[in-house]
$ cat structure_13.cif   # mmCIF, C-alpha atoms
data_final
#
loop_
_atom_site.label_atom_id
_atom_site.label_comp_id
_atom_site.auth_asym_id
_atom_site.auth_seq_id
_atom_site.Cartn_x
_atom_site.Cartn_y
_atom_site.Cartn_z
CA MET A 226 27.51 37.71 18.09
CA LYS A 227 26.38 37.71 14.46
CA ALA A 228 28.35 34.49 13.79
CA HIS A 229 26.68 32.81 16.78
CA PHE A 230 23.24 33.80 15.55
CA LEU A 231 23.95 32.56 12.01
CA ALA A 232 25.30 29.23 13.32
CA TYR A 233 22.21 28.81 15.54
CA ALA A 234 19.83 29.74 12.72
CA PHE A 235 21.51 27.37 10.27
CA GLY A 236 21.54 24.53 12.83
CA SER A 237 17.85 25.08 13.60
CA LEU A 238 17.01 25.08 9.89
CA VAL A 239 18.87 21.81 9.31
CA ILE A 240 17.16 20.15 12.30
CA GLY A 241 13.77 21.47 11.20
CA LEU A 242 14.21 20.15 7.67
CA GLY A 243 15.29 16.78 9.01
CA LEU A 244 12.20 16.48 11.21
CA ALA A 245 9.87 17.58 8.42
CA SER A 246 11.01 14.73 6.19
CA CYS A 247 10.62 12.04 8.88
CA GLY A 248 7.03 11.03 8.23
CA LYS A 249 5.67 7.85 9.72
CA LYS A 250 6.11 4.80 7.56
CA PRO A 251 2.82 3.15 6.61
CA GLU A 252 2.09 -0.47 7.40
CA ALA A 253 0.54 -2.38 4.50
CA CYS A 254 -2.11 -4.87 5.56
CA PHE A 255 -5.09 -6.36 3.73
CA THR A 256 -7.71 -9.04 3.91
CA ILE A 257 -9.22 -11.01 1.09
CA GLU A 258 -12.90 -10.73 1.89
CA LYS A 259 -14.25 -12.80 -1.00
CA GLY A 260 -12.34 -15.41 -2.95
CA ILE A 261 -10.55 -17.33 -0.20
CA PRO A 262 -9.49 -20.09 -0.01
CA SER A 263 -10.15 -20.15 -3.73
CA SER A 264 -12.32 -18.54 -6.36
CA LYS A 265 -13.53 -19.63 -9.76
CA VAL A 266 -12.58 -18.03 -13.06
CA ASN A 267 -14.64 -14.84 -13.63
CA GLU A 268 -15.85 -14.70 -10.00
CA THR A 269 -15.14 -11.58 -7.99
CA VAL A 270 -12.20 -11.49 -5.56
CA GLU A 271 -12.65 -8.65 -3.03
CA VAL A 272 -9.82 -7.08 -1.01
CA ASN A 273 -9.78 -4.54 1.80
CA ALA A 274 -6.76 -2.57 3.08
CA GLY A 275 -8.64 -1.14 6.07
CA CYS A 276 -6.17 -2.74 8.48
CA SER A 277 -3.27 -0.68 7.00
CA THR A 278 -1.96 2.17 9.14
CA GLU A 279 -0.49 5.60 8.32
CA ALA A 280 -1.44 5.24 4.63
CA THR A 281 -3.29 7.75 2.46
CA SER A 282 -3.35 5.85 -0.85
CA PHE A 283 -3.39 2.23 -1.95
CA VAL A 284 -2.15 0.56 -5.14
CA TRP A 285 -3.09 -3.03 -5.94
CA GLU A 286 -1.30 -5.36 -8.37
CA TRP A 287 -3.38 -8.45 -9.10
CA GLY A 288 -0.60 -10.71 -10.39
CA ASP A 289 -2.08 -11.00 -13.86
CA GLY A 290 -0.88 -7.65 -15.24
CA SER A 291 -3.88 -5.69 -13.91
CA SER A 292 -3.76 -3.01 -11.23
CA ASP A 293 -6.19 -0.85 -9.28
CA THR A 294 -6.34 1.77 -6.53
CA GLY A 295 -8.45 2.40 -3.46
CA ILE A 296 -8.77 1.09 0.07
CA LYS A 297 -11.32 -1.54 -1.08
CA THR A 298 -11.54 -2.99 -4.56
CA ASN A 299 -12.29 -6.18 -6.47
CA HIS A 300 -11.06 -8.10 -9.47
CA LYS A 301 -12.10 -10.98 -11.72
CA TYR A 302 -9.46 -13.36 -13.08
CA ASN A 303 -10.11 -14.78 -16.55
CA ALA A 304 -7.79 -17.78 -16.18
CA ALA A 305 -7.09 -20.46 -13.59
CA GLY A 306 -3.88 -20.37 -11.58
CA THR A 307 -2.20 -19.10 -8.43
CA PHE A 308 -1.84 -15.32 -8.40
CA THR A 309 0.02 -13.04 -6.01
CA ILE A 310 -1.92 -9.94 -4.98
CA LYS A 311 0.38 -7.09 -3.97
CA LEU A 312 -0.75 -4.06 -1.96
CA THR A 313 1.43 -0.95 -1.75
CA ALA A 314 0.25 1.45 0.96
CA LYS A 315 1.61 5.00 0.58
CA ASN A 316 1.68 8.36 2.31
CA ASP A 317 3.46 11.59 1.37
CA ASP A 318 6.88 10.35 2.46
CA ASN A 319 6.95 6.56 2.47
CA SER A 320 5.45 3.34 1.21
CA ALA A 321 5.19 -0.28 2.31
CA SER A 322 4.07 -3.42 0.51
CA THR A 323 2.69 -6.83 1.35
CA THR A 324 1.45 -9.78 -0.71
CA LYS A 325 -0.98 -12.69 -0.48
CA GLN A 326 -1.76 -15.48 -2.90
CA VAL A 327 -5.14 -16.41 -4.30
CA VAL A 328 -5.98 -19.63 -6.14
CA ILE A 329 -8.32 -19.38 -9.10
CA VAL A 330 -9.91 -22.65 -10.28
CA GLN A 331 -12.02 -23.58 -13.31
#

$ encode --input "structure_13.cif" --output "structure tokens"
Amino acid sequence: MKAHFLAYAFGSLVIGLGLASCGKKPEACFTIEKGIPSSKVNETVEVNAGCSTEATSFVWEWGDGSSDTGIKTNHKYNAAGTFTIKLTAKNDDNSASTTKQVVIVQ
């Protein structure tokens, strides 16, 4: 009887731990609200990750060595070129990323 109880308790603990670590994976999604199809050097490019799901934090990489956080943010590029903006949407258990390009002109 004691062995049955211990086996049941251990099995329940393992199942419970497995379920606790299975958080929903976020979906990374963003729009470029200002700066599309192109922006000029030193003009503001604005992004919004409001279309992301299951995320609690947001990390932006601007493609020029700069980064930022927040659901909405903006950035000014100080040189012309094509830059890849990367959003990483995170929650306690998982993360997901997506990218878009922006063209900066003189």

$ atom_distance --input "structure_13.cif" --atom1 "CA of Ile257 in chain A" --atom2 "CA of Thr278 in chain A"
17.1 Å

$ resolve_selection --input "structure_13.cif" --expression "the PyMOL selection byres ((chain A and resi 269) around 8)" --output "PyMOL selection string"
chain A and resi 259-260+264+267-268+270-271+299-302

$ resolve_selection --input "structure_13.cif" --expression "the PyMOL selection byres ((chain A and resi 276) around 7)" --output "CSV table (one decimal) with C-alpha atoms, in the coordinates of the input"
chain,number,residue,atom,x,y,z
A,254,CYS,CA,-2.1,-4.9,5.6
A,255,PHE,CA,-5.1,-6.4,3.7
A,274,ALA,CA,-6.8,-2.6,3.1
A,275,GLY,CA,-8.6,-1.1,6.1
A,277,SER,CA,-3.3,-0.7,7.0
A,278,THR,CA,-2.0,2.2,9.1

$ atom_distance --input "structure_13.cif" --atom1 "CA of Ser282 in chain A" --atom2 "CA of Lys315 in chain A"
5.2 Å

$ closest_atom_pairs --input "structure_13.cif" --of "range 238-298 of chain A" --to "range 317-321 of chain A" --cutoff "7 Å" --atoms "all atoms listed in the file" --output "tab-separated table"
residue	atom	partner	partner_atom	distance
A:Gly248	CA	A:Asp318	CA	5.8
A:Lys250	CA	A:Asn319	CA	5.5
A:Pro251	CA	A:Ala321	CA	6.0
A:Glu252	CA	A:Ala321	CA	6.0
A:Ala253	CA	A:Ala321	CA	5.6

$ atom_distance --input "structure_13.cif" --atom1 "CA of Lys249 in chain A" --atom2 "CA of Ser291 in chain A"
28.9 Å

$ resolve_selection --input "structure_13.cif" --expression "the PyMOL selection byres ((chain A and resi 327) around 6)" --output "PDB file with C-alpha atoms, in the coordinates of the input"
ATOM      1  CA  THR A 307      -2.200 -19.100  -8.430  1.00  0.00           C
ATOM      2  CA  PHE A 308      -1.840 -15.320  -8.400  1.00  0.00           C
ATOM      3  CA  GLN A 326      -1.760 -15.480  -2.900  1.00  0.00           C
ATOM      4  CA  VAL A 328      -5.980 -19.630  -6.140  1.00  0.00           C
TER       5      VAL A 328
END

$ residues_around --input "structure_13.cif" --residues "Trp287 in chain A" --least-positions-apart "6" --cutoff "7 Å" --atoms "only C-alpha atoms" --output "JSON, numbers by chain"
{"A": [309, 310, 311]}

$ residues_around --input "structure_13.cif" --residues "Asn303 in chain A" --least-positions-apart "4" --cutoff "10 Å" --atoms "only C-alpha atoms" --output "MDAnalysis selection string"
chainID A and resid 265:268 289 329 331

$ closest_residue --input "structure_13.cif" --among "A:Thr256, A:Thr298, A:Ser292, A:Thr281" --to "Asn316 in chain A" --atoms "all atoms listed in the file"
A:Thr281

$ closest_residue --input "structure_13.cif" --among "A:Glu258, A:Ala314, A:Gly306, A:Ser263" --to "Thr294 in chain A" --atoms "all atoms listed in the file"
A:Ala314

$ closest_residue --input "structure_13.cif" --among "A:Leu312, A:Ala304, A:Val330, A:Ser322" --to "Glu286 in chain A" --atoms "all atoms listed in the file"
A:Leu312
